[in-house]
$ cat data.cif   # mmCIF, C-alpha atoms and all ligand atoms
data_input
#
loop_
_atom_site.group_PDB
_atom_site.id
_atom_site.type_symbol
_atom_site.label_atom_id
_atom_site.label_comp_id
_atom_site.auth_asym_id
_atom_site.auth_seq_id
_atom_site.Cartn_x
_atom_site.Cartn_y
_atom_site.Cartn_z
ATOM 1 C CA MET N 1 -25.221 42.060 13.037
ATOM 2 C CA MET N 2 -21.465 41.706 13.331
ATOM 3 C CA ASP N 3 -19.162 42.514 10.422
ATOM 4 C CA LEU N 4 -16.225 40.108 10.529
ATOM 5 C CA HIS N 5 -14.122 41.762 7.811
ATOM 6 C CA CYS N 6 -13.826 45.520 7.348
ATOM 7 C CA HIS N 7 -11.006 47.889 6.363
ATOM 8 C CA ILE N 8 -12.167 50.616 8.706
ATOM 9 C CA LEU N 9 -8.931 51.510 10.538
ATOM 10 C CA PRO N 10 -7.722 54.831 9.129
ATOM 11 C CA GLY N 11 -4.523 55.156 7.136
ATOM 12 C CA LEU N 12 -3.258 51.592 7.532
ATOM 13 C CA ASP N 13 -4.127 50.074 4.156
ATOM 14 C CA ASP N 14 -6.253 50.706 1.054
ATOM 15 C CA GLY N 15 -9.393 51.088 3.207
ATOM 16 C CA ALA N 16 -10.388 54.207 5.151
ATOM 17 C CA ALA N 17 -7.862 56.894 4.270
ATOM 18 C CA ASP N 18 -8.515 59.075 7.313
ATOM 19 C CA PRO N 19 -10.512 59.068 10.588
ATOM 20 C CA GLY N 20 -13.394 60.978 8.981
ATOM 21 C CA ILE N 21 -13.955 58.177 6.490
ATOM 22 C CA SER N 22 -13.752 55.601 9.311
ATOM 23 C CA LEU N 23 -16.522 57.399 11.187
ATOM 24 C CA GLU N 24 -18.686 57.641 8.037
ATOM 25 C CA MET N 25 -18.237 53.895 7.597
ATOM 26 C CA ALA N 26 -19.085 53.151 11.236
ATOM 27 C CA ALA N 27 -22.206 55.342 11.071
ATOM 28 C CA MET N 28 -23.316 53.686 7.833
ATOM 29 C CA ALA N 29 -22.810 50.202 9.287
ATOM 30 C CA ALA N 30 -24.747 51.127 12.442
ATOM 31 C CA SER N 31 -27.595 52.557 10.364
ATOM 32 C CA SER N 32 -28.006 49.165 8.669
ATOM 33 C CA GLY N 33 -28.064 47.230 11.953
ATOM 34 C CA VAL N 34 -24.395 46.428 12.561
ATOM 35 C CA THR N 35 -23.378 46.552 16.230
ATOM 36 C CA HIS N 36 -19.824 45.147 16.047
ATOM 37 C CA ILE N 37 -17.104 45.632 13.439
ATOM 38 C CA PHE N 38 -13.934 43.565 13.341
ATOM 39 C CA ALA N 39 -11.310 46.035 12.096
ATOM 40 C CA THR N 40 -9.204 43.898 9.743
ATOM 41 C CA PRO N 41 -6.439 45.830 7.975
ATOM 42 C CA HIS N 42 -4.368 44.041 5.362
ATOM 43 C CA CYS N 43 -1.378 42.355 6.948
ATOM 44 C CA ASN N 44 1.817 40.827 5.526
ATOM 45 C CA THR N 45 1.184 42.413 2.111
ATOM 46 C CA ARG N 46 3.919 43.462 -0.239
ATOM 47 C CA ASN N 47 5.564 46.884 -0.154
ATOM 48 C CA VAL N 48 2.969 48.477 2.133
ATOM 49 C CA GLN N 49 2.404 48.702 5.858
ATOM 50 C CA GLN N 50 2.780 45.244 7.401
ATOM 51 C CA ASN N 51 0.296 45.704 10.267
ATOM 52 C CA PHE N 52 1.826 43.021 12.429
ATOM 53 C CA HIS N 53 0.890 42.622 16.089
ATOM 54 C CA SER N 54 2.284 45.764 17.766
ATOM 55 C CA PRO N 55 1.435 48.374 20.404
ATOM 56 C CA ALA N 56 0.817 50.883 17.580
ATOM 57 C CA LEU N 57 -1.742 48.603 15.922
ATOM 58 C CA ILE N 58 -3.504 47.934 19.230
ATOM 59 C CA ARG N 59 -3.650 51.692 19.787
ATOM 60 C CA ALA N 60 -5.302 52.088 16.362
ATOM 61 C CA TYR N 61 -8.291 49.953 17.454
ATOM 62 C CA THR N 62 -8.714 51.820 20.727
ATOM 63 C CA ASP N 63 -8.275 55.225 19.073
ATOM 64 C CA LEU N 64 -11.028 54.366 16.586
ATOM 65 C CA GLN N 65 -13.296 53.104 19.383
ATOM 66 C CA ASP N 66 -12.750 56.383 21.241
ATOM 67 C CA ALA N 67 -13.623 58.393 18.119
ATOM 68 C CA VAL N 68 -16.706 56.232 17.446
ATOM 69 C CA ASP N 69 -17.869 56.687 21.053
ATOM 70 C CA GLU N 70 -17.256 60.428 20.914
ATOM 71 C CA ALA N 71 -19.340 60.649 17.719
ATOM 72 C CA GLY N 72 -22.175 58.780 19.473
ATOM 73 C CA ILE N 73 -22.148 55.893 16.988
ATOM 74 C CA PRO N 74 -23.397 52.680 18.670
ATOM 75 C CA VAL N 75 -20.723 50.321 17.340
ATOM 76 C CA LYS N 76 -18.037 48.250 19.043
ATOM 77 C CA ILE N 77 -14.694 47.903 17.267
ATOM 78 C CA LEU N 78 -13.064 44.480 17.613
ATOM 79 C CA SER N 79 -9.465 43.716 16.707
ATOM 80 C CA GLY N 80 -8.272 41.638 13.782
ATOM 81 C CA ALA N 81 -6.320 41.610 10.563
ATOM 82 C CA GLU N 82 -6.614 40.109 7.090
ATOM 83 C CA VAL N 83 -3.393 38.192 6.755
ATOM 84 C CA LEU N 84 -2.048 37.542 3.261
ATOM 85 C CA ALA N 85 -0.392 34.134 2.933
ATOM 86 C CA ARG N 86 2.798 34.945 1.063
ATOM 87 C CA GLY N 87 6.480 35.540 1.612
ATOM 88 C CA HIS N 88 7.681 34.535 5.057
ATOM 89 C CA PHE N 89 4.131 33.750 6.192
ATOM 90 C CA GLU N 90 5.029 30.663 8.229
ATOM 91 C CA ASP N 91 7.887 32.422 10.045
ATOM 92 C CA HIS N 92 5.621 35.309 11.037
ATOM 93 C CA LEU N 93 2.921 32.853 12.064
ATOM 94 C CA ALA N 94 5.331 30.992 14.352
ATOM 95 C CA ALA N 95 6.567 34.300 15.776
ATOM 96 C CA GLY N 96 3.009 35.343 16.710
ATOM 97 C CA ASP N 97 3.130 38.409 14.449
ATOM 98 C CA PHE N 98 -0.489 38.169 13.315
ATOM 99 C CA MET N 99 -3.557 39.641 15.048
ATOM 100 C CA THR N 100 -6.283 37.026 15.312
ATOM 101 C CA LEU N 101 -9.975 37.974 15.338
ATOM 102 C CA ASN N 102 -10.653 39.645 18.689
ATOM 103 C CA GLY N 103 -7.723 37.726 20.159
ATOM 104 C CA SER N 104 -9.439 34.389 19.503
ATOM 105 C CA ARG N 105 -8.096 31.215 17.887
ATOM 106 C CA TYR N 106 -9.577 32.394 14.542
ATOM 107 C CA LEU N 107 -7.190 33.905 11.973
ATOM 108 C CA LEU N 108 -8.602 35.716 8.917
ATOM 109 C CA LEU N 109 -6.516 34.570 5.981
ATOM 110 C CA GLU N 110 -6.417 35.683 2.357
ATOM 111 C CA PHE N 111 -4.511 34.478 -0.678
ATOM 112 C CA TYR N 112 -3.487 35.936 -3.996
ATOM 113 C CA PHE N 113 -6.377 35.386 -6.412
ATOM 114 C CA ASP N 114 -4.195 33.197 -8.656
ATOM 115 C CA GLU N 115 -2.571 31.249 -5.806
ATOM 116 C CA ASP N 116 -1.659 27.576 -6.194
ATOM 117 C CA PRO N 117 -4.066 25.373 -4.175
ATOM 118 C CA ALA N 118 -1.150 23.288 -2.906
ATOM 119 C CA TYR N 119 0.412 26.382 -1.287
ATOM 120 C CA MET N 120 -2.999 27.310 0.136
ATOM 121 C CA GLU N 121 -3.290 23.908 1.770
ATOM 122 C CA GLN N 122 0.248 24.191 3.153
ATOM 123 C CA CYS N 123 -0.639 27.554 4.741
ATOM 124 C CA LEU N 124 -3.957 26.311 6.134
ATOM 125 C CA ARG N 125 -2.146 23.393 7.783
ATOM 126 C CA ALA N 126 0.523 25.729 9.162
ATOM 127 C CA VAL N 127 -2.205 27.841 10.792
ATOM 128 C CA GLU N 128 -3.773 24.728 12.310
ATOM 129 C CA ALA N 129 -0.384 23.489 13.525
ATOM 130 C CA GLU N 130 -0.213 26.679 15.632
ATOM 131 C CA GLY N 131 -3.517 25.737 17.266
ATOM 132 C CA LEU N 132 -5.456 28.340 15.274
ATOM 133 C CA VAL N 133 -8.522 28.002 13.047
ATOM 134 C CA PRO N 134 -8.255 29.561 9.604
ATOM 135 C CA VAL N 135 -11.080 31.792 8.424
ATOM 136 C CA VAL N 136 -10.688 31.906 4.643
ATOM 137 C CA ALA N 137 -11.566 35.381 3.390
ATOM 138 C CA HIS N 138 -13.662 35.479 0.203
ATOM 139 C CA PRO N 139 -12.936 31.959 -1.141
ATOM 140 C CA GLU N 140 -15.256 32.762 -4.060
ATOM 141 C CA ARG N 141 -12.706 35.233 -5.418
ATOM 142 C CA TYR N 142 -9.851 32.751 -5.858
ATOM 143 C CA TYR N 143 -9.461 31.458 -9.390
ATOM 144 C CA CYS N 144 -8.805 27.858 -8.299
ATOM 145 C CA VAL N 145 -12.072 27.860 -6.293
ATOM 146 C CA GLN N 146 -13.970 29.435 -9.183
ATOM 147 C CA ARG N 147 -12.687 26.640 -11.427
ATOM 148 C CA ALA N 148 -13.357 23.917 -8.827
ATOM 149 C CA PRO N 149 -15.694 25.050 -6.017
ATOM 150 C CA MET N 150 -15.393 21.632 -4.368
ATOM 151 C CA LEU N 151 -11.955 22.742 -3.213
ATOM 152 C CA ALA N 152 -13.614 25.261 -0.877
ATOM 153 C CA GLN N 153 -16.280 22.724 0.046
ATOM 154 C CA GLN N 154 -13.468 20.420 1.165
ATOM 155 C CA TRP N 155 -11.938 23.234 3.242
ATOM 156 C CA ALA N 156 -15.278 23.668 5.004
ATOM 157 C CA ASP N 157 -15.605 19.914 5.517
ATOM 158 C CA ASP N 158 -12.119 19.964 7.069
ATOM 159 C CA GLY N 159 -13.137 22.584 9.634
ATOM 160 C CA ARG N 160 -11.841 25.699 7.932
ATOM 161 C CA VAL N 161 -14.268 28.618 8.201
ATOM 162 C CA LEU N 162 -15.434 30.185 4.922
ATOM 163 C CA GLN N 163 -16.279 33.913 4.838
ATOM 164 C CA LEU N 164 -18.082 35.196 1.742
ATOM 165 C CA ASN N 165 -17.998 38.842 0.692
ATOM 166 C CA LYS N 166 -21.413 40.463 0.487
ATOM 167 C CA GLY N 167 -20.266 42.175 -2.731
ATOM 168 C CA SER N 168 -19.873 38.779 -4.380
ATOM 169 C CA LEU N 169 -23.511 37.860 -3.673
ATOM 170 C CA LEU N 170 -24.608 41.309 -4.869
ATOM 171 C CA GLY N 171 -22.796 40.765 -8.179
ATOM 172 C CA ASP N 172 -20.353 43.622 -7.572
ATOM 173 C CA LEU N 173 -17.233 41.450 -7.824
ATOM 174 C CA GLY N 174 -17.858 39.710 -11.143
ATOM 175 C CA GLU N 175 -19.915 36.875 -12.524
ATOM 176 C CA GLU N 176 -17.478 34.137 -11.466
ATOM 177 C CA ALA N 177 -17.423 35.357 -7.863
ATOM 178 C CA TYR N 178 -21.227 35.529 -7.822
ATOM 179 C CA VAL N 179 -21.740 32.035 -9.217
ATOM 180 C CA THR N 180 -19.151 30.543 -6.859
ATOM 181 C CA ALA N 181 -20.490 32.388 -3.817
ATOM 182 C CA ALA N 182 -24.053 31.318 -4.600
ATOM 183 C CA LEU N 183 -23.004 27.697 -4.969
ATOM 184 C CA LEU N 184 -21.047 27.623 -1.692
ATOM 185 C CA LEU N 185 -23.878 29.369 0.149
ATOM 186 C CA ARG N 186 -26.506 26.953 -1.183
ATOM 187 C CA ARG N 187 -24.293 23.992 -0.233
ATOM 188 C CA ARG N 188 -24.088 25.382 3.332
ATOM 189 C CA ALA N 189 -20.294 25.474 3.140
ATOM 190 C CA VAL N 190 -20.272 29.112 4.288
ATOM 191 C CA SER N 191 -20.167 30.189 7.948
ATOM 192 C CA VAL N 192 -20.006 33.982 7.672
ATOM 193 C CA ILE N 193 -20.847 36.784 5.234
ATOM 194 C CA ALA N 194 -18.971 40.047 5.797
ATOM 195 C CA SER N 195 -18.624 43.394 4.070
ATOM 196 C CA ASP N 196 -14.878 43.559 3.277
ATOM 197 C CA ALA N 197 -15.732 47.275 3.129
ATOM 198 C CA HIS N 198 -13.074 49.772 2.084
ATOM 199 C CA HIS N 199 -15.103 53.030 1.950
ATOM 200 C CA PHE N 200 -18.616 54.433 2.423
ATOM 201 C CA LEU N 201 -19.211 55.091 -1.279
ATOM 202 C CA HIS N 202 -18.055 51.828 -2.830
ATOM 203 C CA ARG N 203 -17.628 48.340 -1.256
ATOM 204 C CA THR N 204 -19.523 49.802 1.692
ATOM 205 C CA PRO N 205 -20.276 48.466 5.195
ATOM 206 C CA HIS N 206 -24.084 48.843 4.675
ATOM 207 C CA PHE N 207 -25.882 45.476 4.928
ATOM 208 C CA GLY N 208 -29.336 46.500 3.640
ATOM 209 C CA ALA N 209 -28.935 45.263 0.065
ATOM 210 C CA LEU N 210 -27.440 41.992 1.286
ATOM 211 C CA LEU N 211 -30.413 41.273 3.542
ATOM 212 C CA ASN N 212 -32.788 41.876 0.622
ATOM 213 C CA CYS N 213 -30.653 39.681 -1.617
ATOM 214 C CA LEU N 214 -30.625 36.818 0.905
ATOM 215 C CA ALA N 215 -34.382 37.005 1.421
ATOM 216 C CA GLN N 216 -35.162 37.060 -2.293
ATOM 217 C CA ARG N 217 -32.508 34.817 -3.839
ATOM 218 C CA PHE N 218 -31.279 32.592 -1.003
ATOM 219 C CA PRO N 219 -34.273 31.848 1.215
ATOM 220 C CA GLU N 220 -32.521 28.688 2.456
ATOM 221 C CA ALA N 221 -29.663 30.763 3.966
ATOM 222 C CA ASP N 222 -29.916 31.782 7.616
ATOM 223 C CA PRO N 223 -28.950 35.479 7.982
ATOM 224 C CA GLU N 224 -29.022 35.248 11.787
ATOM 225 C CA LEU N 225 -26.418 32.479 11.734
ATOM 226 C CA LEU N 226 -24.207 33.998 9.019
ATOM 227 C CA LEU N 227 -24.290 37.607 10.191
ATOM 228 C CA TYR N 228 -24.602 37.292 13.944
ATOM 229 C CA GLU N 229 -24.366 33.896 15.657
ATOM 230 C CA ASN N 230 -21.197 32.651 13.961
ATOM 231 C CA PRO N 231 -19.292 35.977 14.154
ATOM 232 C CA LEU N 232 -20.301 36.174 17.828
ATOM 233 C CA LYS N 233 -18.905 32.686 18.468
ATOM 234 C CA ILE N 234 -15.672 33.725 16.751
ATOM 235 C CA ALA N 235 -15.469 36.872 18.902
ATOM 236 C CA LYS N 236 -15.984 34.725 21.992
ATOM 237 C CA ASP N 237 -13.443 32.106 20.814
ATOM 238 C CA GLN N 238 -16.114 29.403 20.767
ATOM 239 C CA THR N 239 -16.378 26.435 18.422
ATOM 240 C CA LEU N 240 -18.649 26.968 15.407
HETATM 241 FE FE FE U 301 -10.336 42.544 2.859
#
$ encode --input "data.cif" --output "structure tokens"
Amino acid sequence: MMDLHCHILPGLDDGAADPGISLEMAAMAASSGVTHIFATPHCNTRNVQQNFHSPALIRAYTDLQDAVDEAGIPVKILSGAEVLARGHFEDHLAAGDFMTLNGSRYLLLEFYFDEDPAYMEQCLRAVEAEGLVPVVAHPERYYCVQRAPMLAQQWADDGRVLQLNKGSLLGDLGEEAYVTAALLLRRRAVSVIASDAHHFLHRTPHFGALLNCLAQRFPEADPELLLYENPLKIAKDQTL
């Protein structure tokens, strides 16, 4: 499996606080069958590290890969970021400040939970105007999508990629997120499920419970497609 969304880089956001935690997370992911982790620190957030495209950020991916290799953990670290659409988002987008997923055309994008759908649409179009494809992180967590899931269905129909959080399907992120995630998954609007892991004790990168959940509750979902084939196409910059 490939985990498209994981806060595994140490010390850059509210994910792994230090390299030891990053290695625990990588080992846990590997033990559940994950072979590739897109390291996606928060980017363009308020009052914390911006994590824009920079030599220092690129070094953070390679430093973690070196540490993972040294620890003998069979996982490849791929580059990325989870870009928050706020503030001077469009200026930074035009300036090329954001790390796409493994250098591809795919940009992992998140919004404030209470964001206005009109601003979301404006940002999605701005991403597309740059020749990029938006990957909407955890659409099931946004209040406007919870109120009207067809909004996210329309995004998918328009070629935007939807990435569910495994925690939503496991019921860890509230009833509304679960119901919305289940609906979008059953409607086949979803292309990827990822961990959005922040630690090895809570919101973890272990995929075991998710696989059981999919088999028992969502037999119509295709784990191979959602957890491997689509993330692989994104890593290779191929069309989904
Ligand atoms: Fe995240």
$ resolve_selection --input "data.cif" --expression "the PyMOL selection byres (((chain N and resi 182) around 12) and not hetatm)" --output "PyMOL selection string"
chain N and resi 139-140+146+149+164-171+175-181+183-190+193+213-214+217-221
$ residues_around --input "data.cif" --residues "Glu24 in chain N" --least-positions-apart "5" --cutoff "9 Å" --atoms "only C-alpha atoms" --output "PyMOL selection string"
chain N and resi 19+29+199-200
$ resolve_selection --input "data.cif" --expression "the PyMOL selection byres (((chain N and resi 87) around 12) and not hetatm)" --output "count of residues only"
20
$ resolve_selection --input "data.cif" --expression "the PyMOL selection byres (((not hetatm)) within 12 of (chain U and resi 301))" --output "PDB file with C-alpha atoms, keeping the file's coordinate frame"
ATOM      1  CA  ASP N   3     -19.162  42.514  10.422  1.00  0.00           C
ATOM      2  CA  LEU N   4     -16.225  40.108  10.529  1.00  0.00           C
ATOM      3  CA  HIS N   5     -14.122  41.762   7.811  1.00  0.00           C
ATOM      4  CA  CYS N   6     -13.826  45.520   7.348  1.00  0.00           C
ATOM      5  CA  HIS N   7     -11.006  47.889   6.363  1.00  0.00           C
ATOM      6  CA  ILE N   8     -12.167  50.616   8.706  1.00  0.00           C
ATOM      7  CA  LEU N   9      -8.931  51.510  10.538  1.00  0.00           C
ATOM      8  CA  ASP N  13      -4.127  50.074   4.156  1.00  0.00           C
ATOM      9  CA  ASP N  14      -6.253  50.706   1.054  1.00  0.00           C
ATOM     10  CA  GLY N  15      -9.393  51.088   3.207  1.00  0.00           C
ATOM     11  CA  ALA N  16     -10.388  54.207   5.151  1.00  0.00           C
ATOM     12  CA  PHE N  38     -13.934  43.565  13.341  1.00  0.00           C
ATOM     13  CA  ALA N  39     -11.310  46.035  12.096  1.00  0.00           C
ATOM     14  CA  THR N  40      -9.204  43.898   9.743  1.00  0.00           C
ATOM     15  CA  PRO N  41      -6.439  45.830   7.975  1.00  0.00           C
ATOM     16  CA  HIS N  42      -4.368  44.041   5.362  1.00  0.00           C
ATOM     17  CA  CYS N  43      -1.378  42.355   6.948  1.00  0.00           C
ATOM     18  CA  THR N  45       1.184  42.413   2.111  1.00  0.00           C
ATOM     19  CA  GLY N  80      -8.272  41.638  13.782  1.00  0.00           C
ATOM     20  CA  ALA N  81      -6.320  41.610  10.563  1.00  0.00           C
ATOM     21  CA  GLU N  82      -6.614  40.109   7.090  1.00  0.00           C
ATOM     22  CA  VAL N  83      -3.393  38.192   6.755  1.00  0.00           C
ATOM     23  CA  LEU N  84      -2.048  37.542   3.261  1.00  0.00           C
ATOM     24  CA  LEU N 108      -8.602  35.716   8.917  1.00  0.00           C
ATOM     25  CA  LEU N 109      -6.516  34.570   5.981  1.00  0.00           C
ATOM     26  CA  GLU N 110      -6.417  35.683   2.357  1.00  0.00           C
ATOM     27  CA  PHE N 111      -4.511  34.478  -0.678  1.00  0.00           C
ATOM     28  CA  TYR N 112      -3.487  35.936  -3.996  1.00  0.00           C
ATOM     29  CA  VAL N 136     -10.688  31.906   4.643  1.00  0.00           C
ATOM     30  CA  ALA N 137     -11.566  35.381   3.390  1.00  0.00           C
ATOM     31  CA  HIS N 138     -13.662  35.479   0.203  1.00  0.00           C
ATOM     32  CA  PRO N 139     -12.936  31.959  -1.141  1.00  0.00           C
ATOM     33  CA  ARG N 141     -12.706  35.233  -5.418  1.00  0.00           C
ATOM     34  CA  GLN N 163     -16.279  33.913   4.838  1.00  0.00           C
ATOM     35  CA  LEU N 164     -18.082  35.196   1.742  1.00  0.00           C
ATOM     36  CA  ASN N 165     -17.998  38.842   0.692  1.00  0.00           C
ATOM     37  CA  LYS N 166     -21.413  40.463   0.487  1.00  0.00           C
ATOM     38  CA  GLY N 167     -20.266  42.175  -2.731  1.00  0.00           C
ATOM     39  CA  ALA N 194     -18.971  40.047   5.797  1.00  0.00           C
ATOM     40  CA  SER N 195     -18.624  43.394   4.070  1.00  0.00           C
ATOM     41  CA  ASP N 196     -14.878  43.559   3.277  1.00  0.00           C
ATOM     42  CA  ALA N 197     -15.732  47.275   3.129  1.00  0.00           C
ATOM     43  CA  HIS N 198     -13.074  49.772   2.084  1.00  0.00           C
ATOM     44  CA  HIS N 199     -15.103  53.030   1.950  1.00  0.00           C
ATOM     45  CA  ARG N 203     -17.628  48.340  -1.256  1.00  0.00           C
ATOM     46  CA  THR N 204     -19.523  49.802   1.692  1.00  0.00           C
ATOM     47  CA  PRO N 205     -20.276  48.466   5.195  1.00  0.00           C
TER      48      PRO N 205
END
$ atom_distance --input "data.cif" --atom1 "CA of Leu201 in chain N" --atom2 "CA of Met25 in chain N"
9.0 Å
$ residues_around --input "data.cif" --residues "Leu101 in chain N" --least-positions-apart "5" --cutoff "6 Å" --atoms "all atoms listed in the file" --output "list in words"
Ser79, Gly80, Tyr106 and Leu107 of chain N
$ residues_around --input "data.cif" --residues "Thr62 in chain N" --least-positions-apart "3" --cutoff "12 Å" --atoms "all atoms listed in the file" --output "PDB file with C-alpha atoms, keeping the file's coordinate frame"
ATOM      1  CA  LEU N   9      -8.931  51.510  10.538  1.00  0.00           C
ATOM      2  CA  ALA N  39     -11.310  46.035  12.096  1.00  0.00           C
ATOM      3  CA  PRO N  55       1.435  48.374  20.404  1.00  0.00           C
ATOM      4  CA  ALA N  56       0.817  50.883  17.580  1.00  0.00           C
ATOM      5  CA  LEU N  57      -1.742  48.603  15.922  1.00  0.00           C
ATOM      6  CA  ILE N  58      -3.504  47.934  19.230  1.00  0.00           C
ATOM      7  CA  ARG N  59      -3.650  51.692  19.787  1.00  0.00           C
ATOM      8  CA  GLN N  65     -13.296  53.104  19.383  1.00  0.00           C
ATOM      9  CA  ASP N  66     -12.750  56.383  21.241  1.00  0.00           C
ATOM     10  CA  ALA N  67     -13.623  58.393  18.119  1.00  0.00           C
ATOM     11  CA  VAL N  68     -16.706  56.232  17.446  1.00  0.00           C
ATOM     12  CA  ASP N  69     -17.869  56.687  21.053  1.00  0.00           C
ATOM     13  CA  LYS N  76     -18.037  48.250  19.043  1.00  0.00           C
ATOM     14  CA  ILE N  77     -14.694  47.903  17.267  1.00  0.00           C
ATOM     15  CA  LEU N  78     -13.064  44.480  17.613  1.00  0.00           C
ATOM     16  CA  SER N  79      -9.465  43.716  16.707  1.00  0.00           C
TER      17      SER N  79
END
$ atom_distance --input "data.cif" --atom1 "CA of Ser104 in chain N" --atom2 "CA of Ile37 in chain N"
14.9 Å
$ closest_residue --input "data.cif" --among "N:Pro134, N:Tyr228, N:Asp18, N:Gln49" --to "Thr35 in chain N" --atoms "only C-alpha atoms"
N:Tyr228
$ residues_near_point --input "data.cif" --point "(-5.8, 24.9, 14.9)" --cutoff "12 Å" --atoms "all atoms listed in the file" --output "PDB file with C-alpha atoms, keeping the file's coordinate frame"
ATOM      1  CA  SER N 104      -9.439  34.389  19.503  1.00  0.00           C
ATOM      2  CA  ARG N 105      -8.096  31.215  17.887  1.00  0.00           C
ATOM      3  CA  TYR N 106      -9.577  32.394  14.542  1.00  0.00           C
ATOM      4  CA  LEU N 107      -7.190  33.905  11.973  1.00  0.00           C
ATOM      5  CA  CYS N 123      -0.639  27.554   4.741  1.00  0.00           C
ATOM      6  CA  LEU N 124      -3.957  26.311   6.134  1.00  0.00           C
ATOM      7  CA  ARG N 125      -2.146  23.393   7.783  1.00  0.00           C
ATOM      8  CA  ALA N 126       0.523  25.729   9.162  1.00  0.00           C
ATOM      9  CA  VAL N 127      -2.205  27.841  10.792  1.00  0.00           C
ATOM     10  CA  GLU N 128      -3.773  24.728  12.310  1.00  0.00           C
ATOM     11  CA  ALA N 129      -0.384  23.489  13.525  1.00  0.00           C
ATOM     12  CA  GLU N 130      -0.213  26.679  15.632  1.00  0.00           C
ATOM     13  CA  GLY N 131      -3.517  25.737  17.266  1.00  0.00           C
ATOM     14  CA  LEU N 132      -5.456  28.340  15.274  1.00  0.00           C
ATOM     15  CA  VAL N 133      -8.522  28.002  13.047  1.00  0.00           C
ATOM     16  CA  PRO N 134      -8.255  29.561   9.604  1.00  0.00           C
ATOM     17  CA  VAL N 135     -11.080  31.792   8.424  1.00  0.00           C
ATOM     18  CA  ASP N 158     -12.119  19.964   7.069  1.00  0.00           C
ATOM     19  CA  GLY N 159     -13.137  22.584   9.634  1.00  0.00           C
ATOM     20  CA  ARG N 160     -11.841  25.699   7.932  1.00  0.00           C
ATOM     21  CA  VAL N 161     -14.268  28.618   8.201  1.00  0.00           C
ATOM     22  CA  THR N 239     -16.378  26.435  18.422  1.00  0.00           C
TER      23      THR N 239
END
$ atom_distance --input "data.cif" --atom1 "CA of Ile21 in chain N" --atom2 "CA of Asn102 in chain N"
22.4 Å
$ axis_aligned_box --input "data.cif" --around "range 14-25 of chain N" --padding-each-side "8 Å" --output "AutoDock Vina command-line options"
--center_x -12.5 --center_y 55.8 --center_z 6.1 --size_x 28.4 --size_y 26.3 --size_z 26.1
$ closest_residue --input "data.cif" --among "N:Trp155, N:Glu224, N:Pro117, N:Ser54" --to "Tyr143 in chain N" --atoms "only C-alpha atoms"
N:Pro117
$ closest_residue --input "data.cif" --among "N:Asn212, N:Asp172, N:Leu227, N:Asp114" --to "Arg147 in chain N" --atoms "all atoms listed in the file"
N:Asp114
$ closest_residue --input "data.cif" --among "N:Ala148, N:Ala27, N:Ala94, N:Val192" --to "Ala71 in chain N" --atoms "all atoms listed in the file"
N:Ala27
